[in-house]
file final33.pdb (PDB, C-alpha atoms, pLDDT in the B column)
ATOM      1  CA  LEU A   1      -2.982  10.504  -6.426  1.00 42.00           C
ATOM      2  CA  TYR A   2      -3.911   7.137  -4.929  1.00 52.00           C
ATOM      3  CA  MET A   3      -5.648   7.578  -1.595  1.00 65.00           C
ATOM      4  CA  ALA A   4      -7.424   5.381   0.896  1.00 81.00           C
ATOM      5  CA  LEU A   5     -11.018   6.397   1.486  1.00 90.00           C
ATOM      6  CA  THR A   6     -12.335   7.029   4.973  1.00 92.00           C
ATOM      7  CA  ALA A   7     -15.502   5.261   6.123  1.00 93.00           C
ATOM      8  CA  LYS A   8     -17.396   8.533   5.778  1.00 95.00           C
ATOM      9  CA  GLN A   9     -16.199   9.090   2.202  1.00 95.00           C
ATOM     10  CA  ARG A  10     -17.002   5.484   1.315  1.00 95.00           C
ATOM     11  CA  LYS A  11     -20.540   5.862   2.666  1.00 96.00           C
ATOM     12  CA  TYR A  12     -20.991   9.102   0.712  1.00 96.00           C
ATOM     13  CA  LEU A  13     -19.754   7.522  -2.525  1.00 96.00           C
ATOM     14  CA  LYS A  14     -21.988   4.460  -2.047  1.00 97.00           C
ATOM     15  CA  ALA A  15     -24.991   6.763  -1.801  1.00 96.00           C
ATOM     16  CA  LEU A  16     -23.938   8.644  -4.946  1.00 96.00           C
ATOM     17  CA  ALA A  17     -23.327   5.409  -6.836  1.00 96.00           C
ATOM     18  CA  HIS A  18     -26.629   3.819  -5.911  1.00 95.00           C
ATOM     19  CA  PRO A  19     -28.827   5.279  -8.695  1.00 96.00           C
ATOM     20  CA  ARG A  20     -26.119   4.972 -11.355  1.00 96.00           C
ATOM     21  CA  LYS A  21     -26.008   2.325 -14.048  1.00 97.00           C
ATOM     22  CA  ALA A  22     -22.965   0.163 -14.714  1.00 96.00           C
ATOM     23  CA  VAL A  23     -20.885   1.823 -17.441  1.00 96.00           C
ATOM     24  CA  VAL A  24     -18.276  -0.908 -17.899  1.00 97.00           C
ATOM     25  CA  GLN A  25     -18.852  -4.617 -18.299  1.00 97.00           C
ATOM     26  CA  VAL A  26     -16.149  -7.186 -17.614  1.00 96.00           C
ATOM     27  CA  GLY A  27     -16.678 -10.231 -19.787  1.00 94.00           C
ATOM     28  CA  ASN A  28     -15.604 -13.813 -19.272  1.00 92.00           C
ATOM     29  CA  ALA A  29     -12.181 -12.932 -20.686  1.00 94.00           C
ATOM     30  CA  GLY A  30     -11.607 -10.982 -17.461  1.00 95.00           C
ATOM     31  CA  VAL A  31      -9.701  -7.733 -17.112  1.00 96.00           C
ATOM     32  CA  THR A  32      -8.257  -7.235 -20.601  1.00 96.00           C
ATOM     33  CA  ASP A  33      -6.374  -4.187 -21.875  1.00 96.00           C
ATOM     34  CA  ALA A  34      -9.560  -3.042 -23.595  1.00 96.00           C
ATOM     35  CA  VAL A  35     -11.497  -3.303 -20.335  1.00 97.00           C
ATOM     36  CA  LEU A  36      -8.792  -1.350 -18.490  1.00 97.00           C
ATOM     37  CA  LYS A  37      -8.802   1.371 -21.161  1.00 97.00           C
ATOM     38  CA  GLU A  38     -12.576   1.648 -21.057  1.00 97.00           C
ATOM     39  CA  THR A  39     -12.586   1.718 -17.243  1.00 97.00           C
ATOM     40  CA  ALA A  40      -9.916   4.425 -17.159  1.00 96.00           C
ATOM     41  CA  ARG A  41     -11.878   6.475 -19.699  1.00 96.00           C
ATOM     42  CA  ALA A  42     -15.083   6.106 -17.685  1.00 96.00           C
ATOM     43  CA  LEU A  43     -13.292   7.087 -14.462  1.00 96.00           C
ATOM     44  CA  GLU A  44     -11.845  10.147 -16.171  1.00 94.00           C
ATOM     45  CA  ARG A  45     -15.319  11.150 -17.276  1.00 93.00           C
ATOM     46  CA  HIS A  46     -17.350  10.255 -14.188  1.00 95.00           C
ATOM     47  CA  GLU A  47     -14.910   9.750 -11.270  1.00 95.00           C
ATOM     48  CA  LEU A  48     -17.380   7.291  -9.737  1.00 97.00           C
ATOM     49  CA  ILE A  49     -18.476   4.313 -11.807  1.00 97.00           C
ATOM     50  CA  LYS A  50     -20.157   0.957 -11.534  1.00 98.00           C
ATOM     51  CA  VAL A  51     -18.620  -2.054 -13.227  1.00 98.00           C
ATOM     52  CA  ARG A  52     -20.592  -5.196 -13.991  1.00 97.00           C
ATOM     53  CA  LEU A  53     -18.614  -8.356 -13.335  1.00 97.00           C
ATOM     54  CA  PRO A  54     -19.104 -11.827 -14.815  1.00 95.00           C
ATOM     55  CA  ALA A  55     -21.016 -14.513 -12.910  1.00 93.00           C
ATOM     56  CA  VAL A  56     -18.001 -16.168 -11.332  1.00 93.00           C
ATOM     57  CA  GLU A  57     -17.440 -16.968  -7.684  1.00 95.00           C
ATOM     58  CA  ARG A  58     -16.927 -14.201  -5.154  1.00 94.00           C
ATOM     59  CA  ALA A  59     -13.153 -14.638  -4.774  1.00 96.00           C
ATOM     60  CA  ALA A  60     -12.707 -14.433  -8.552  1.00 96.00           C
ATOM     61  CA  ARG A  61     -14.849 -11.273  -8.699  1.00 96.00           C
ATOM     62  CA  ALA A  62     -12.826  -9.720  -5.873  1.00 96.00           C
ATOM     63  CA  GLU A  63      -9.675 -10.512  -7.858  1.00 96.00           C
ATOM     64  CA  LEU A  64     -11.141  -8.852 -10.980  1.00 97.00           C
ATOM     65  CA  THR A  65     -12.021  -5.772  -8.933  1.00 97.00           C
ATOM     66  CA  ARG A  66      -8.493  -5.669  -7.509  1.00 96.00           C
ATOM     67  CA  LYS A  67      -6.977  -5.890 -11.016  1.00 97.00           C
ATOM     68  CA  LEU A  68      -9.249  -3.098 -12.260  1.00 97.00           C
ATOM     69  CA  CYS A  69      -8.231  -0.884  -9.347  1.00 96.00           C
ATOM     70  CA  GLU A  70      -4.541  -1.569  -9.827  1.00 96.00           C
ATOM     71  CA  GLY A  71      -4.710  -1.054 -13.571  1.00 97.00           C
ATOM     72  CA  THR A  72      -6.554   2.253 -13.307  1.00 96.00           C
ATOM     73  CA  GLU A  73      -5.273   3.557  -9.936  1.00 95.00           C
ATOM     74  CA  ALA A  74      -8.850   3.563  -8.701  1.00 96.00           C
ATOM     75  CA  GLU A  75     -10.249   2.816  -5.281  1.00 95.00           C
ATOM     76  CA  ALA A  76     -12.874   0.108  -4.774  1.00 96.00           C
ATOM     77  CA  VAL A  77     -15.780   1.700  -2.924  1.00 96.00           C
ATOM     78  CA  GLN A  78     -17.869  -1.436  -2.648  1.00 96.00           C
ATOM     79  CA  GLU A  79     -18.714  -4.714  -4.265  1.00 95.00           C
ATOM     80  CA  ILE A  80     -22.269  -6.006  -4.191  1.00 94.00           C
ATOM     81  CA  GLY A  81     -22.995  -9.212  -6.023  1.00 94.00           C
ATOM     82  CA  ARG A  82     -21.835  -8.766  -9.597  1.00 96.00           C
ATOM     83  CA  VAL A  83     -21.356  -5.003  -9.403  1.00 97.00           C
ATOM     84  CA  ALA A  84     -18.245  -3.187  -8.227  1.00 97.00           C
ATOM     85  CA  VAL A  85     -18.191   0.545  -7.534  1.00 97.00           C
ATOM     86  CA  LEU A  86     -14.897   2.278  -8.316  1.00 97.00           C
ATOM     87  CA  TYR A  87     -13.739   5.804  -7.566  1.00 96.00           C
ATOM     88  CA  ARG A  88     -10.790   7.799  -8.840  1.00 95.00           C
ATOM     89  CA  ARG A  89     -10.416  11.517  -8.289  1.00 90.00           C
ATOM     90  CA  ALA A  90     -10.244  13.329 -11.617  1.00 85.00           C
ATOM     91  CA  GLN A  91      -7.631  15.961 -12.497  1.00 84.00           C
ATOM     92  CA  LYS A  92     -10.404  18.504 -11.969  1.00 82.00           C
ATOM     93  CA  PRO A  93     -12.550  16.802  -9.280  1.00 84.00           C
ATOM     94  CA  ARG A  94     -16.290  17.203  -9.727  1.00 84.00           C
ATOM     95  CA  LEU A  95     -17.237  15.256  -6.623  1.00 88.00           C
ATOM     96  CA  LYS A  96     -16.637  16.939  -3.298  1.00 88.00           C
ATOM     97  CA  LEU A  97     -15.769  14.273  -0.736  1.00 89.00           C
ATOM     98  CA  PRO A  98     -16.524  14.818   2.946  1.00 88.00           C
ATOM     99  CA  GLU A  99     -13.387  15.116   5.093  1.00 82.00           C
TER     100      GLU A  99
END

call {"tool": "encode", "arguments": {"input": "final33.pdb", "output": "structure tokens"}}
result
Amino acid sequence: LYMALTAKQRKYLKALAHPRKAVVQVGNAGVTDAVLKETARALERHELIKVRLPAVERAARAELTRKLCEGTEAEAVQEIGRVAVLYRRAQKPRLKLPE
């Protein structure tokens, strides 16, 4: 299920994610079980989501993104400032990725 995205797919997903609002917010407590559950639920529903991260330094945000991806088997599409974009193909994919 877990797959590395190609540059083309990443670019496509970034474009799709651009107008979307963040659906999950990671608080100062970091990646808790509740946050993982919520993220997994959002990925199941949307496949492509934005996650708002707390105002901590870049390395700490990258670590939070990594934990979210590991905990939900998602792929990090991009990280801009305090927002991470995650993708996980649903059981019945709604997004058609370019090859």

call {"tool": "resolve_selection", "arguments": {"input": "final33.pdb", "expression": "the PyMOL selection byres ((chain A and resi 67-84) around 8)", "output": "PyMOL selection string"}}
result
chain A and resi 2-5+10+13-14+22+31+36+39-40+50-55+58+61-66+85-88

call {"tool": "closest_residue", "arguments": {"input": "final33.pdb", "among": "A:Leu16, A:Leu95, A:Leu43, A:Val56", "to": "Gly30 (chain A)", "atoms": "only C-alpha atoms"}}
result
A:Val56

call {"tool": "atom_distance", "arguments": {"input": "final33.pdb", "atom1": "CA of Val35 (chain A)", "atom2": "CA of Gln9 (chain A)"}}
result
26.1 Å

call {"tool": "closest_residue", "arguments": {"input": "final33.pdb", "among": "A:Pro19, A:Tyr12, A:Ala59, A:Glu44", "to": "Lys96 (chain A)", "atoms": "only C-alpha atoms"}}
result
A:Tyr12

call {"tool": "atom_distance", "arguments": {"input": "final33.pdb", "atom1": "CA of Pro93 (chain A)", "atom2": "CA of His46 (chain A)"}}
result
9.5 Å

call {"tool": "atom_distance", "arguments": {"input": "final33.pdb", "atom1": "CA of Gly27 (chain A)", "atom2": "CA of Gln91 (chain A)"}}
result
28.7 Å

call {"tool": "closest_residue", "arguments": {"input": "final33.pdb", "among": "A:Ala90, A:Ile49, A:Leu97, A:Ala42", "to": "His18 (chain A)", "atoms": "all atoms listed in the file"}}
result
A:Ile49

call {"tool": "decode", "arguments": {"input": "final33.pdb", "residues": "region 26-66 of chain A", "atoms": "N, CA and C atoms", "output": "mmCIF file, in the first residue's frame"}}
result
data_model
loop_
_atom_site.group_PDB
_atom_site.id
_atom_site.type_symbol
_atom_site.label_atom_id
_atom_site.label_comp_id
_atom_site.auth_asym_id
_atom_site.auth_seq_id
_atom_site.Cartn_x
_atom_site.Cartn_y
_atom_site.Cartn_z
ATOM 1 N N VAL A 26 -2.164 19.820 14.517
ATOM 2 C CA VAL A 26 -1.322 19.197 15.532
ATOM 3 C C VAL A 26 -1.037 20.261 16.575
ATOM 4 N N GLY A 27 -1.375 19.955 17.820
ATOM 5 C CA GLY A 27 -1.164 20.929 18.885
ATOM 6 C C GLY A 27 0.228 20.833 19.469
ATOM 7 N N ASN A 28 0.456 21.545 20.546
ATOM 8 C CA ASN A 28 1.769 21.536 21.183
ATOM 9 C C ASN A 28 2.100 20.199 21.825
ATOM 10 N N ALA A 29 1.082 19.360 22.030
ATOM 11 C CA ALA A 29 1.318 18.029 22.593
ATOM 12 C C ALA A 29 1.959 17.115 21.553
ATOM 13 N N GLY A 30 1.983 17.555 20.297
ATOM 14 C CA GLY A 30 2.606 16.763 19.235
ATOM 15 C C GLY A 30 1.660 15.738 18.647
ATOM 16 N N VAL A 31 2.244 14.682 18.088
ATOM 17 C CA VAL A 31 1.462 13.647 17.423
ATOM 18 C C VAL A 31 0.947 12.646 18.455
ATOM 19 N N THR A 32 -0.249 12.901 18.959
ATOM 20 C CA THR A 32 -0.877 12.023 19.953
ATOM 21 C C THR A 32 -1.707 10.961 19.232
ATOM 22 N N ASP A 33 -2.208 9.991 19.989
ATOM 23 C CA ASP A 33 -3.066 8.963 19.398
ATOM 24 C C ASP A 33 -4.302 9.590 18.766
ATOM 25 N N ALA A 34 -4.839 10.607 19.434
ATOM 26 C CA ALA A 34 -6.037 11.280 18.917
ATOM 27 C C ALA A 34 -5.734 11.955 17.580
ATOM 28 N N VAL A 35 -4.567 12.574 17.494
ATOM 29 C CA VAL A 35 -4.168 13.238 16.248
ATOM 30 C C VAL A 35 -3.989 12.192 15.136
ATOM 31 N N LEU A 36 -3.367 11.077 15.468
ATOM 32 C CA LEU A 36 -3.181 10.011 14.473
ATOM 33 C C LEU A 36 -4.515 9.471 13.988
ATOM 34 N N LYS A 37 -5.453 9.261 14.926
ATOM 35 C CA LYS A 37 -6.780 8.755 14.553
ATOM 36 C C LYS A 37 -7.481 9.726 13.612
ATOM 37 N N GLU A 38 -7.441 10.997 13.992
ATOM 38 C CA GLU A 38 -8.097 12.034 13.197
ATOM 39 C C GLU A 38 -7.462 12.133 11.815
ATOM 40 N N THR A 39 -6.135 12.054 11.761
ATOM 41 C CA THR A 39 -5.413 12.130 10.488
ATOM 42 C C THR A 39 -5.778 10.936 9.604
ATOM 43 N N ALA A 40 -5.813 9.756 10.203
ATOM 44 C CA ALA A 40 -6.165 8.552 9.438
ATOM 45 C C ALA A 40 -7.584 8.669 8.890
ATOM 46 N N ARG A 41 -8.488 9.183 9.721
ATOM 47 C CA ARG A 41 -9.886 9.349 9.296
ATOM 48 C C ARG A 41 -9.968 10.340 8.132
ATOM 49 N N ALA A 42 -9.242 11.437 8.255
ATOM 50 C CA ALA A 42 -9.253 12.456 7.196
ATOM 51 C C ALA A 42 -8.657 11.902 5.903
ATOM 52 N N LEU A 43 -7.591 11.114 6.020
ATOM 53 C CA LEU A 43 -6.973 10.517 4.830
ATOM 54 C C LEU A 43 -7.925 9.536 4.164
ATOM 55 N N GLU A 44 -8.659 8.789 4.974
ATOM 56 C CA GLU A 44 -9.622 7.832 4.442
ATOM 57 C C GLU A 44 -10.691 8.558 3.645
ATOM 58 N N ARG A 45 -11.103 9.712 4.177
ATOM 59 C CA ARG A 45 -12.157 10.488 3.541
ATOM 60 C C ARG A 45 -11.674 11.271 2.323
ATOM 61 N N HIS A 46 -10.486 11.869 2.427
ATOM 62 C CA HIS A 46 -10.050 12.800 1.380
ATOM 63 C C HIS A 46 -8.856 12.346 0.542
ATOM 64 N N GLU A 47 -8.102 11.366 1.021
ATOM 65 C CA GLU A 47 -6.860 10.914 0.387
ATOM 66 C C GLU A 47 -5.729 11.935 0.486
ATOM 67 N N LEU A 48 -6.051 13.192 0.205
ATOM 68 C CA LEU A 48 -5.040 14.253 0.205
ATOM 69 C C LEU A 48 -5.471 15.300 1.227
ATOM 70 N N ILE A 49 -4.647 15.523 2.232
ATOM 71 C CA ILE A 49 -5.033 16.471 3.277
ATOM 72 C C ILE A 49 -3.895 17.419 3.641
ATOM 73 N N LYS A 50 -4.288 18.524 4.244
ATOM 74 C CA LYS A 50 -3.304 19.452 4.792
ATOM 75 C C LYS A 50 -3.389 19.341 6.303
ATOM 76 N N VAL A 51 -2.234 19.390 6.938
ATOM 77 C CA VAL A 51 -2.156 19.324 8.391
ATOM 78 C C VAL A 51 -1.437 20.567 8.887
ATOM 79 N N ARG A 52 -2.052 21.271 9.832
ATOM 80 C CA ARG A 52 -1.396 22.442 10.404
ATOM 81 C C ARG A 52 -0.541 21.993 11.573
ATOM 82 N N LEU A 53 0.706 22.447 11.561
ATOM 83 C CA LEU A 53 1.668 22.055 12.592
ATOM 84 C C LEU A 53 1.900 23.211 13.562
ATOM 85 N N PRO A 54 2.357 22.886 14.781
ATOM 86 C CA PRO A 54 2.598 23.960 15.752
ATOM 87 C C PRO A 54 3.804 24.805 15.355
ATOM 88 N N ALA A 55 3.910 25.994 15.941
ATOM 89 C CA ALA A 55 5.006 26.907 15.622
ATOM 90 C C ALA A 55 6.273 26.497 16.357
ATOM 91 N N VAL A 56 6.864 25.401 15.917
ATOM 92 C CA VAL A 56 8.135 24.962 16.485
ATOM 93 C C VAL A 56 9.167 25.035 15.368
ATOM 94 N N GLU A 57 10.423 24.780 15.678
ATOM 95 C CA GLU A 57 11.422 24.917 14.628
ATOM 96 C C GLU A 57 11.267 23.870 13.535
ATOM 97 N N ARG A 58 11.866 24.149 12.399
ATOM 98 C CA ARG A 58 11.687 23.331 11.203
ATOM 99 C C ARG A 58 11.979 21.846 11.428
ATOM 100 N N ALA A 59 13.087 21.535 12.100
ATOM 101 C CA ALA A 59 13.451 20.136 12.326
ATOM 102 C C ALA A 59 12.365 19.414 13.137
ATOM 103 N N ALA A 60 11.816 20.117 14.120
ATOM 104 C CA ALA A 60 10.763 19.529 14.958
ATOM 105 C C ALA A 60 9.496 19.315 14.130
ATOM 106 N N ARG A 61 9.189 20.240 13.237
ATOM 107 C CA ARG A 61 8.010 20.078 12.367
ATOM 108 C C ARG A 61 8.210 18.903 11.411
ATOM 109 N N ALA A 62 9.429 18.777 10.881
ATOM 110 C CA ALA A 62 9.726 17.669 9.970
ATOM 111 C C ALA A 62 9.550 16.338 10.704
ATOM 112 N N GLU A 63 9.955 16.320 11.961
ATOM 113 C CA GLU A 63 9.814 15.117 12.794
ATOM 114 C C GLU A 63 8.334 14.788 13.021
ATOM 115 N N LEU A 64 7.521 15.826 13.277
ATOM 116 C CA LEU A 64 6.079 15.618 13.457
ATOM 117 C C LEU A 64 5.463 15.054 12.180
ATOM 118 N N THR A 65 5.865 15.606 11.049
ATOM 119 C CA THR A 65 5.354 15.134 9.757
ATOM 120 C C THR A 65 5.725 13.668 9.551
ATOM 121 N N ARG A 66 6.981 13.332 9.880
ATOM 122 C CA ARG A 66 7.449 11.958 9.727
ATOM 123 C C ARG A 66 6.623 11.009 10.602
#
